[in-house]
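Shown below: query.cif, with mmCIF, C-alpha atoms and all ligand atoms.
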data_final
loop_
_atom_site.label_atom_id
_atom_site.label_comp_id
_atom_site.auth_asym_id
_atom_site.auth_seq_id
_atom_site.Cartn_x
_atom_site.Cartn_y
_atom_site.Cartn_z
CA MET A 1 0.00 0.00 0.00
CA ASN A 2 1.38 3.41 -1.00
CA ARG A 3 2.13 5.75 1.87
CA ILE A 4 -0.16 8.77 2.19
CA TYR A 5 2.16 11.56 3.31
CA TYR A 6 0.85 14.44 5.35
CA THR A 7 2.79 16.90 3.21
CA LYS A 8 5.29 16.65 0.39
CA PRO A 9 6.46 19.42 -1.95
CA SER A 10 5.20 19.71 -5.51
CA ILE A 11 8.37 19.79 -7.60
CA THR A 12 8.19 19.95 -11.39
CA GLN A 13 10.75 20.29 -14.18
CA LEU A 14 10.57 24.08 -13.70
CA GLU A 15 12.03 23.90 -10.16
CA VAL A 16 14.67 21.43 -11.39
CA GLN A 17 15.53 23.68 -14.34
CA TYR A 18 15.92 26.83 -12.20
CA ALA A 19 17.89 25.03 -9.47
CA THR A 20 20.17 23.52 -12.11
CA ASP A 21 20.69 26.93 -13.65
CA ALA A 22 21.55 28.42 -10.25
CA ALA A 23 23.99 25.59 -9.52
CA THR A 24 25.57 25.89 -12.98
CA ASN A 25 25.61 29.64 -13.56
CA GLY A 26 24.55 31.42 -10.38
CA TRP A 27 27.94 32.43 -9.11
CA GLY A 28 30.12 35.52 -9.09
CA GLU A 29 28.12 38.60 -10.05
CA LYS A 30 25.03 36.38 -10.56
CA CYS A 31 25.08 34.91 -7.06
CA TYR A 32 22.11 37.01 -5.85
CA ASP A 33 20.00 36.98 -9.03
CA TYR A 34 17.47 34.36 -7.96
CA ILE A 35 17.33 35.78 -4.42
CA ASN A 36 16.51 39.26 -5.74
CA LYS A 37 13.92 37.82 -8.11
CA PHE A 38 12.33 35.62 -5.44
CA GLU A 39 12.03 38.57 -3.04
CA ALA A 40 10.48 40.76 -5.74
CA LEU A 41 8.00 38.06 -6.79
CA PHE A 42 7.01 37.38 -3.20
CA ALA A 43 6.51 41.07 -2.34
CA GLN A 44 4.43 41.47 -5.49
CA HIS A 45 2.29 38.43 -4.66
CA LEU A 46 1.70 39.60 -1.11
CA GLY A 47 1.26 43.28 -1.89
CA THR A 48 3.95 44.47 0.52
CA LYS A 49 6.65 47.02 -0.21
CA TYR A 50 9.51 44.83 1.03
CA ALA A 51 10.45 41.16 1.28
CA ILE A 52 13.73 39.70 2.53
CA ALA A 53 14.47 36.02 1.96
CA THR A 54 15.91 34.19 4.98
CA SER A 55 17.23 30.74 5.85
CA SER A 56 14.09 29.97 7.88
CA CYS A 57 10.93 31.53 9.26
CA THR A 58 12.47 31.25 12.73
CA GLY A 59 15.36 33.43 11.55
CA ALA A 60 12.95 35.94 9.99
CA ILE A 61 11.06 36.19 13.29
CA HIS A 62 14.27 36.68 15.25
CA LEU A 63 15.41 39.47 12.92
CA GLY A 64 11.99 41.13 13.06
CA LEU A 65 11.89 41.15 16.85
CA VAL A 66 15.38 42.66 17.05
CA ALA A 67 14.44 45.28 14.44
CA LEU A 68 11.31 46.17 16.44
CA GLY A 69 13.60 46.83 19.41
CA ILE A 70 12.32 44.04 21.67
CA LYS A 71 14.37 44.02 24.88
CA PRO A 72 14.72 41.76 27.94
CA ASP A 73 11.53 41.67 30.06
CA ASP A 74 9.34 43.14 27.32
CA GLU A 75 6.09 41.21 27.07
CA ILE A 76 4.69 39.84 23.85
CA ILE A 77 1.17 38.46 23.78
CA ILE A 78 0.89 35.25 21.81
CA ALA A 79 -1.56 32.33 21.43
CA ASP A 80 -0.83 29.32 23.60
CA THR A 81 -1.64 27.02 20.66
CA ASN A 82 1.40 27.54 18.46
CA TRP A 83 4.50 25.93 17.06
CA ILE A 84 7.61 26.47 19.19
CA ALA A 85 9.39 28.32 16.35
CA THR A 86 6.99 31.22 16.77
CA VAL A 87 7.85 31.74 20.41
CA ALA A 88 11.50 30.65 20.62
CA PRO A 89 12.96 33.90 19.17
CA ILE A 90 11.14 35.89 21.90
CA THR A 91 13.12 33.95 24.45
CA TYR A 92 16.40 34.44 22.50
CA LEU A 93 15.98 38.14 23.40
CA PHE A 94 15.08 37.39 27.05
CA ALA A 95 11.68 38.93 26.46
CA LYS A 96 8.57 37.24 27.87
CA PRO A 97 5.94 35.41 25.84
CA VAL A 98 2.54 35.92 27.49
CA PHE A 99 0.41 32.97 26.44
CA VAL A 100 -3.29 33.60 25.94
CA ASP A 101 -6.18 31.46 24.82
CA ILE A 102 -7.53 30.78 21.34
CA LEU A 103 -11.00 31.01 19.81
CA PRO A 104 -12.93 27.75 19.57
CA ASP A 105 -13.75 28.14 15.86
CA THR A 106 -10.56 29.51 14.24
CA TRP A 107 -8.10 28.02 16.80
CA CYS A 108 -6.30 31.39 16.53
CA ILE A 109 -5.61 34.00 19.22
CA ASP A 110 -8.67 35.30 21.13
CA PRO A 111 -8.90 39.12 21.05
CA ASP A 112 -10.63 39.22 24.46
CA SER A 113 -7.73 37.30 26.02
CA ILE A 114 -5.35 39.81 24.42
CA ARG A 115 -7.18 42.72 26.07
CA LYS A 116 -6.95 41.04 29.48
CA ALA A 117 -3.22 40.32 29.11
CA ILE A 118 -2.03 43.86 28.33
CA THR A 119 0.30 45.38 30.93
CA PRO A 120 2.64 48.40 30.85
CA LYS A 121 5.39 46.00 29.70
CA THR A 122 3.48 44.78 26.64
CA LYS A 123 5.22 45.67 23.38
CA ALA A 124 3.54 43.57 20.73
CA ILE A 125 0.66 41.30 19.81
CA TYR A 126 1.96 38.34 17.90
CA VAL A 127 -0.61 36.42 15.87
CA THR A 128 -0.32 33.12 14.03
CA HIS A 129 -2.67 32.22 11.18
CA LEU A 130 -2.88 28.62 12.29
CA TYR A 131 -3.21 25.91 9.61
CA GLY A 132 -4.30 28.63 7.14
CA ASN A 133 -7.09 29.95 9.41
CA LEU A 134 -7.13 33.70 9.81
CA CYS A 135 -6.89 35.70 13.03
CA GLU A 136 -9.44 38.43 13.80
CA MET A 137 -7.22 41.14 12.31
CA ASP A 138 -9.59 44.14 12.50
CA GLU A 139 -10.14 43.66 16.20
CA ILE A 140 -6.46 42.94 16.85
CA LEU A 141 -5.30 46.03 14.94
CA ASP A 142 -7.82 48.10 16.88
CA ILE A 143 -6.51 46.82 20.24
CA ALA A 144 -2.93 47.43 19.11
CA GLN A 145 -3.68 50.97 18.01
CA LYS A 146 -5.45 51.81 21.27
CA HIS A 147 -2.50 50.61 23.34
CA GLY A 148 0.35 51.63 21.03
CA LEU A 149 1.47 48.07 20.35
CA SER A 150 3.08 46.47 17.31
CA VAL A 151 1.35 43.64 15.47
CA ILE A 152 3.43 40.74 14.23
CA GLU A 153 1.98 38.10 11.91
CA ASP A 154 3.39 34.61 11.70
CA ALA A 155 2.01 33.60 8.33
CA ALA A 156 4.21 30.50 7.93
CA GLU A 157 1.00 28.51 7.46
CA GLY A 158 -0.94 31.31 5.80
CA ILE A 159 0.08 31.23 2.14
CA GLY A 160 -3.10 31.73 0.13
CA SER A 161 -5.10 33.06 3.09
CA VAL A 162 -6.69 36.47 2.58
CA TYR A 163 -8.36 38.73 5.16
CA LYS A 164 -10.74 41.33 3.71
CA GLY A 165 -8.68 41.65 0.55
CA LYS A 166 -5.30 41.65 2.30
CA LYS A 167 -3.02 38.65 2.20
CA ALA A 168 -2.05 37.04 5.50
CA GLY A 169 1.34 38.37 6.57
CA SER A 170 0.87 41.75 4.89
CA ILE A 171 -1.39 43.33 7.50
CA GLY A 172 0.71 43.94 10.65
CA ASP A 173 4.02 45.74 11.26
CA PHE A 174 5.76 42.74 9.77
CA GLY A 175 4.98 39.20 8.69
CA THR A 176 7.01 36.03 8.38
CA PHE A 177 6.77 32.93 6.19
CA SER A 178 8.29 29.47 6.10
CA PHE A 179 9.31 27.52 3.00
CA HIS A 180 10.11 24.34 4.88
CA GLY A 181 9.40 21.24 2.78
CA THR A 182 5.99 20.83 4.40
CA LYS A 183 4.67 24.24 3.42
CA THR A 184 2.40 25.31 0.53
CA ILE A 185 5.42 26.61 -1.35
CA THR A 186 8.89 25.37 -0.53
CA THR A 187 12.58 26.01 -0.99
CA GLY A 188 13.55 22.96 1.13
CA GLU A 189 14.29 25.13 4.12
CA GLY A 190 13.80 28.87 4.00
CA GLY A 191 11.74 31.83 5.07
CA MET A 192 10.69 35.36 4.23
CA PHE A 193 10.39 38.58 6.20
CA VAL A 194 7.83 41.03 4.79
CA THR A 195 6.91 44.57 5.78
CA ASN A 196 5.65 47.91 4.51
CA ARG A 197 7.85 49.74 7.02
CA LYS A 198 11.04 51.12 5.48
CA ASP A 199 12.68 51.51 8.91
CA LEU A 200 12.29 47.77 9.64
CA TYR A 201 13.46 46.85 6.14
CA ASP A 202 16.55 49.02 6.39
CA THR A 203 17.42 47.72 9.87
CA ILE A 204 17.07 44.11 8.78
CA GLN A 205 19.30 44.63 5.77
CA ILE A 206 22.00 45.62 8.27
CA LEU A 207 21.14 43.04 10.95
CA ASN A 208 21.11 40.16 8.47
CA SER A 209 24.54 41.03 7.13
CA HIS A 210 26.46 40.80 10.42
CA GLY A 211 25.86 44.48 11.06
CA ARG A 212 27.26 45.68 7.74
CA ASN A 213 25.33 48.60 6.25
CA PRO A 214 24.82 48.07 2.49
CA THR A 215 25.00 51.85 1.99
CA ASN A 216 28.47 52.03 3.55
CA PRO A 217 31.23 51.51 0.94
CA LYS A 218 33.79 50.59 3.62
CA GLN A 219 34.40 46.84 3.16
CA PHE A 220 34.02 44.52 6.17
CA TRP A 221 32.96 47.42 8.39
CA CYS A 222 30.27 46.40 10.92
CA GLU A 223 28.08 48.92 12.73
CA MET A 224 26.77 46.42 15.25
CA ILE A 225 26.68 42.74 16.13
CA GLY A 226 24.21 41.25 13.68
CA TYR A 227 23.08 37.87 12.40
CA LYS A 228 23.26 35.85 9.23
CA TYR A 229 20.00 34.19 8.30
CA LYS A 230 20.40 34.32 4.53
CA MET A 231 18.82 32.15 1.87
CA SER A 232 21.07 30.68 -0.82
CA ASN A 233 20.63 31.49 -4.50
CA MET A 234 19.92 27.81 -5.24
CA GLN A 235 17.06 27.70 -2.74
CA ALA A 236 15.73 30.96 -4.15
CA ALA A 237 15.81 29.44 -7.65
CA ILE A 238 13.38 26.75 -6.46
CA GLY A 239 11.36 29.54 -4.81
CA CYS A 240 11.12 31.44 -8.11
CA ALA A 241 9.68 28.39 -9.83
CA GLN A 242 7.21 27.89 -6.96
CA MET A 243 6.15 31.55 -7.29
CA GLU A 244 5.34 30.99 -10.96
CA ARG A 245 3.07 28.17 -9.79
CA ILE A 246 1.75 29.73 -6.58
CA GLU A 247 -1.86 30.18 -7.68
CA GLU A 248 -2.01 26.58 -8.89
CA LEU A 249 -0.46 25.35 -5.62
CA ILE A 250 -2.97 27.32 -3.49
CA LEU A 251 -5.87 26.18 -5.65
CA ARG A 252 -4.84 22.56 -5.18
CA LYS A 253 -4.79 23.01 -1.37
CA ARG A 254 -8.32 24.40 -1.59
CA GLU A 255 -9.48 21.49 -3.78
CA ILE A 256 -8.04 18.99 -1.31
CA PHE A 257 -9.83 20.70 1.55
CA SER A 258 -13.17 20.65 -0.25
CA GLN A 259 -12.76 16.94 -1.01
CA TYR A 260 -12.30 16.29 2.72
CA GLN A 261 -15.27 18.52 3.47
CA GLU A 262 -17.37 16.47 1.10
CA GLY A 263 -16.10 13.26 2.71
CA PHE A 264 -17.14 14.36 6.19
CA GLN A 265 -20.41 15.89 5.06
CA GLY A 266 -23.36 14.85 7.18
CA ILE A 267 -21.22 13.70 10.10
CA GLN A 268 -22.34 15.56 13.17
CA GLY A 269 -19.65 16.73 15.55
CA ILE A 270 -16.67 17.15 13.20
CA SER A 271 -15.51 20.70 12.55
CA MET A 272 -12.86 21.69 10.07
CA ASN A 273 -10.89 24.88 9.24
CA PRO A 274 -13.38 27.74 8.95
CA GLU A 275 -13.64 30.28 6.17
CA LYS A 276 -15.36 33.27 7.72
CA LYS A 277 -17.20 35.92 5.72
CA GLY A 278 -14.76 38.29 4.02
CA THR A 279 -11.86 35.83 4.22
CA LYS A 280 -10.28 33.18 2.04
CA ASN A 281 -8.52 30.25 3.67
CA GLY A 282 -5.36 28.88 2.02
CA TYR A 283 -6.07 25.60 3.87
CA TRP A 284 -2.43 24.73 4.42
CA MET A 285 -3.44 21.91 6.69
CA PRO A 286 -6.95 20.41 6.65
CA THR A 287 -7.76 19.68 10.27
CA ILE A 288 -10.61 17.96 12.07
CA VAL A 289 -11.73 18.80 15.58
CA CYS A 290 -14.14 16.27 17.04
CA ASP A 291 -16.91 17.25 19.37
CA LYS A 292 -16.67 15.94 22.94
CA SER A 293 -19.84 13.89 22.32
CA LEU A 294 -17.94 11.74 19.79
CA CYS A 295 -15.66 9.96 22.33
CA PHE A 296 -12.76 10.68 20.01
CA ASP A 297 -9.41 9.12 20.93
CA ARG A 298 -6.59 10.93 19.14
CA GLU A 299 -3.92 8.32 19.89
CA LYS A 300 -6.18 5.53 18.64
CA LEU A 301 -6.83 7.39 15.38
CA LEU A 302 -3.14 8.13 14.84
CA LYS A 303 -2.42 4.42 15.41
CA LYS A 304 -5.11 3.47 12.88
CA PHE A 305 -3.54 5.91 10.42
CA LYS A 306 -0.17 4.24 10.91
CA GLU A 307 -1.64 0.78 10.30
CA ASN A 308 -3.09 2.11 7.05
CA ASN A 309 0.16 3.77 5.95
CA ILE A 310 -1.28 7.25 6.47
CA ASP A 311 0.72 10.07 8.06
CA GLY A 312 -1.40 11.68 10.76
CA ARG A 313 -0.28 14.81 12.53
CA SER A 314 -1.04 15.90 16.06
CA PHE A 315 -2.70 19.27 16.59
CA PHE A 316 -0.31 21.57 18.48
CA TYR A 317 -0.11 21.20 22.25
CA PRO A 318 -0.43 24.40 24.25
CA LEU A 319 3.15 25.68 24.50
CA SER A 320 2.65 26.54 28.18
CA MET A 321 2.30 22.81 28.81
CA MET A 322 5.94 22.26 27.88
CA PRO A 323 8.67 22.09 30.53
CA MET A 324 10.33 25.39 29.51
CA PHE A 325 7.24 27.41 30.39
CA GLU A 326 4.86 27.95 33.28
CA GLU A 327 1.66 25.97 32.94
CA LYS A 328 -1.40 28.08 32.10
CA ARG A 329 -4.45 25.86 32.34
CA GLU A 330 -6.70 28.91 32.36
CA ASN A 331 -6.16 28.87 28.58
CA ALA A 332 -9.01 26.39 28.65
CA ILE A 333 -9.63 26.10 24.91
CA SER A 334 -5.96 25.55 24.08
CA TYR A 335 -5.79 22.87 26.77
CA ASP A 336 -8.99 21.23 25.64
CA ILE A 337 -8.83 21.20 21.86
CA TYR A 338 -5.55 19.45 21.02
CA GLY A 339 -6.71 16.08 22.32
CA ARG A 340 -9.72 16.16 20.03
CA ALA A 341 -7.99 17.21 16.83
CA VAL A 342 -5.69 15.94 14.09
CA ASN A 343 -4.27 17.35 10.87
CA LEU A 344 -4.96 15.35 7.73
CA PRO A 345 -2.63 14.58 4.79
CA SER A 346 -2.76 17.31 2.15
CA TYR A 347 0.22 17.16 -0.21
CA HIS A 348 -0.51 18.49 -3.66
CA ASP A 349 -0.34 15.12 -5.44
CA ILE A 350 -2.69 13.35 -3.05
CA THR A 351 -5.45 11.60 -5.02
CA GLN A 352 -9.18 11.63 -4.39
CA GLU A 353 -8.86 7.89 -3.69
CA ASN A 354 -6.26 8.66 -0.96
CA ILE A 355 -8.61 11.23 0.57
CA ILE A 356 -11.49 8.73 0.59
CA THR A 357 -9.17 6.23 2.34
CA VAL A 358 -8.30 8.80 5.03
CA VAL A 359 -11.95 9.75 5.53
CA ASP A 360 -12.94 6.07 5.81
CA VAL A 361 -10.27 5.43 8.46
CA VAL A 362 -11.54 8.41 10.47
CA LYS A 363 -15.15 7.24 10.12
CA LYS A 364 -14.23 3.71 11.25
CA ALA A 365 -12.29 5.08 14.23
CA LEU A 366 -15.33 7.11 15.22
CA LYS A 367 -17.74 4.18 14.73
CA GLY A 368 -19.85 3.61 17.78
CA SER A 369 -20.01 7.28 18.60
CA LEU A 370 -21.62 8.30 15.28
C1 LIG B 1 3.44 28.74 12.49
C2 LIG B 1 4.88 28.45 12.21
N1 LIG B 1 5.80 29.35 12.59
C3 LIG B 1 7.10 29.16 12.35
C4 LIG B 1 7.55 28.04 11.71
C5 LIG B 1 9.02 27.85 11.56
O1 LIG B 1 9.42 27.81 10.26
P1 LIG B 1 10.93 27.41 9.90
O2 LIG B 1 11.02 25.94 10.13
O3 LIG B 1 11.07 27.82 8.48
O4 LIG B 1 11.80 28.18 10.81
C6 LIG B 1 6.63 27.09 11.26
C7 LIG B 1 7.10 25.89 10.54
O5 LIG B 1 6.97 24.80 10.90
C8 LIG B 1 5.26 27.29 11.54
O6 LIG B 1 4.35 26.40 11.15
#
Turn this file's structure into structure tokens for me.
Amino acid sequence: MNRIYYTKPSITQLEVQYATDAATNGWGEKCYDYINKFEALFAQHLGTKYAIATSSCTGAIHLGLVALGIKPDDEIIIADTNWIATVAPITYLFAKPVFVDILPDTWCIDPDSIRKAITPKTKAIYVTHLYGNLCEMDEILDIAQKHGLSVIEDAAEGIGSVYKGKKAGSIGDFGTFSFHGTKTITTGEGGMFVTNRKDLYDTIQILNSHGRNPTNPKQFWCEMIGYKYKMSNMQAAIGCAQMERIEELILRKREIFSQYQEGFQGIQGISMNPEKKGTKNGYWMPTIVCDKSLCFDREKLLKKFKENNIDGRSFFYPLSMMPMFEEKRENAISYDIYGRAVNLPSYHDITQENIITVVDVVKKALKGSL
């Protein structure tokens, strides 16, 4: 039986051709050509003024926080349900992540919890568009404006998601993306920092070059201690090919989601990624959350998936549950939902037959409670 992967990149002859060209010719004065092109294509797609390619989304987040001027003991409000990469760079700067609860329908940060968590030390609200689902951006921007806070968007999972005409990642002070091999578009590993703020763009150009200012002609002169989270030209070549195919890749994610939706139609008690009025979901990761009435056992389902050669994926644990952080059980939805939820396979080449197999395994696992 063929394995049904949870994600796998869609690589065509175009990616191979561009990567081969970069490996063959992309040296010397051409060593930044694909990087420059990838950044321009990405900024154009997103509708932001600036885009800077990085070696990972984690690196892009780290650079962004430094550029924003985040200092030790500053507080950043962030959803408890998150991937560790979103929060780790906050701790690199000895700032404090303040974990708050999520909404039951979008699984993204709850604006009311944000309001309650604001203190004089709060510097930013940091939102993650989880699994393609969109955060309540109007409300969040309003809170931020009232309290003079920055808004950071982790849109690593938000390619193809659009909030009231604006693409995820383009709405806050800055946004970040991941091109890890599991994402909607990939460069193997890689990330992108995007912003409309020239001050952040200029600072990151310096920070990401070990403190060298590109406007200073003095060679090897550093203005500050910086970082080096750069993407290679060969990765960017793959990225350029993916950008030529981005609409097709997003469309395929949406088709896969609707096939799952069809498969689960009529089953009471299963909710999937929402698409609220005025938004478009890029559906990076089709996810099911089972109602408490269904006696759903996540571990049992993941085991059944394994027996059927299907890759299942656990919904994120609340980060405050992990040993590095202080437990925060008052984030009741974050602590409740993960045990009732799994992410389903959604790589671009998955077949309808594969999707039917996955749906059947879920239905069988739920048998008795349906
Ligand atoms: C929401 C979120 N943030 C950040 C990251 C980190 O991305 P990267 O692995 O490119 O650093 C990921 C990737 O897994 C992610 O899903």
Could I get the residues of chain A with an atom no further than 7 Å from an atom of ligand LIG 1 (chain B), each paired with its nearest atom pair and that distance in Å to one decimal, using only C-alpha atoms and all ligand atoms, sorted by chain and residue number, as a tab-separated table?
residue	atom	partner	partner_atom	distance
A:Ser56	CA	B:LIG1	O3	3.8
A:Cys57	CA	B:LIG1	O4	3.8
A:Thr58	CA	B:LIG1	O4	3.7
A:Gly59	CA	B:LIG1	O4	6.4
A:Asn82	CA	B:LIG1	C1	6.4
A:Trp83	CA	B:LIG1	C1	5.5
A:Ala85	CA	B:LIG1	C3	4.7
A:Thr86	CA	B:LIG1	N1	4.7
A:Thr128	CA	B:LIG1	C1	6.0
A:Leu130	CA	B:LIG1	C1	6.3
A:Asp154	CA	B:LIG1	N1	5.9
A:Ala155	CA	B:LIG1	C1	6.6
A:Ala156	CA	B:LIG1	C2	4.8
A:Glu157	CA	B:LIG1	O6	5.4
A:Ser178	CA	B:LIG1	O3	4.0
A:Phe179	CA	B:LIG1	O3	5.8
A:His180	CA	B:LIG1	O3	5.1
A:Glu189	CA	B:LIG1	O3	6.1
A:Gly190	CA	B:LIG1	O3	5.4
A:Gly191	CA	B:LIG1	O3	5.3
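Closest approach to Ile102 of chain A among A:Ile76, A:Met231, A:Ile4, A:Leu134 is made by A:Leu134 (distances from all atoms listed in the file).
Minimum atom-to-atom distance to Glu139 of chain A, evaluated using all atoms listed in the file, belongs to A:Asp112 out of A:Glu307, A:Asp73, A:Glu262, A:Asp112.
Separating atom CA of Pro274 of chain A from atom CA of Lys167 of chain A is a distance of 16.5 Å.
Note that the spacing between atom CA of Leu14 of chain A and atom CA of Met192 of chain A amounts to 21.2 Å.
Distances to Pro120 of chain A were evaluated for A:Ile246, A:Ile70, A:Leu149, A:Ala341 using all atoms listed in the file, and the minimum falls at A:Leu149.
Between atom CA of Gln44 of chain A and atom CA of Lys253 of chain A the interatomic distance comes to 21.0 Å.
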*asked:* Set the distance at 7 Å and use only C-alpha atoms: which residues neighbour segment 185-188 of chain A once local chain neighbours fewer than 3 positions away are removed? I'd like the list as JSON, numbers by chain.
replied: {"A": [9, 179, 180, 181, 235, 236, 238, 239, 242]}
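Nearest-residue note for His129 of chain A: choosing from A:Ile171, A:Val359, A:Gly226, A:Lys198, the minimum distance belongs to A:Ile171, counting all atoms listed in the file.
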_Which residues are close to Lys230 of chain A, i.e. within 7 Å by only C-alpha atoms, leaving aside same-chain residues fewer than 3 positions away? Reply as a PyMOL selection string._
chain A and resi 53-55
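Counting all atoms listed in the file and comparing A:Leu46, A:Gly266, A:Asn25, A:Tyr34, the residue that lies closest to Ala237 of chain A is A:Tyr34.
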_When you count only C-alpha atoms, which of these residues is closest to Ile125 of chain A: A:Ser320, A:Asn2, A:Thr81, A:Ser150?_
A:Ser150
Where atoms are missing, can you supply N, CA and C atoms for segment 132-146 of chain A and output the lot as a compact mmCIF listing (two decimals), in the coordinates of the input?
# COMPACT_ATOMS: atom_id res chain seq x y z
N GLY A 132 -3.65 27.87 8.23
CA GLY A 132 -4.30 28.63 7.14
C GLY A 132 -5.45 29.47 7.65
N ASN A 133 -5.96 29.18 8.84
CA ASN A 133 -7.09 29.95 9.41
C ASN A 133 -6.62 31.36 9.75
N LEU A 134 -7.54 32.31 9.59
CA LEU A 134 -7.13 33.70 9.81
C LEU A 134 -7.51 34.22 11.20
N CYS A 135 -6.61 35.03 11.76
CA CYS A 135 -6.89 35.70 13.03
C CYS A 135 -7.86 36.85 12.79
N GLU A 136 -8.46 37.33 13.87
CA GLU A 136 -9.44 38.43 13.80
C GLU A 136 -8.66 39.75 13.67
N MET A 137 -8.18 40.04 12.47
CA MET A 137 -7.22 41.14 12.31
C MET A 137 -7.79 42.53 12.61
N ASP A 138 -9.04 42.79 12.23
CA ASP A 138 -9.59 44.14 12.50
C ASP A 138 -9.58 44.45 13.98
N GLU A 139 -10.06 43.46 14.75
CA GLU A 139 -10.14 43.66 16.20
C GLU A 139 -8.74 43.78 16.81
N ILE A 140 -7.83 42.96 16.32
CA ILE A 140 -6.46 42.94 16.85
C ILE A 140 -5.74 44.27 16.54
N LEU A 141 -5.92 44.75 15.31
CA LEU A 141 -5.30 46.03 14.94
C LEU A 141 -5.87 47.17 15.78
N ASP A 142 -7.16 47.07 16.07
CA ASP A 142 -7.82 48.10 16.88
C ASP A 142 -7.24 48.10 18.30
N ILE A 143 -7.09 46.92 18.88
CA ILE A 143 -6.51 46.82 20.24
C ILE A 143 -5.09 47.39 20.22
N ALA A 144 -4.32 47.00 19.20
CA ALA A 144 -2.93 47.43 19.11
C ALA A 144 -2.84 48.95 19.01
N GLN A 145 -3.71 49.50 18.20
CA GLN A 145 -3.68 50.97 18.01
C GLN A 145 -4.02 51.69 19.32
N LYS A 146 -5.04 51.17 20.01
CA LYS A 146 -5.45 51.81 21.27
C LYS A 146 -4.34 51.81 22.30
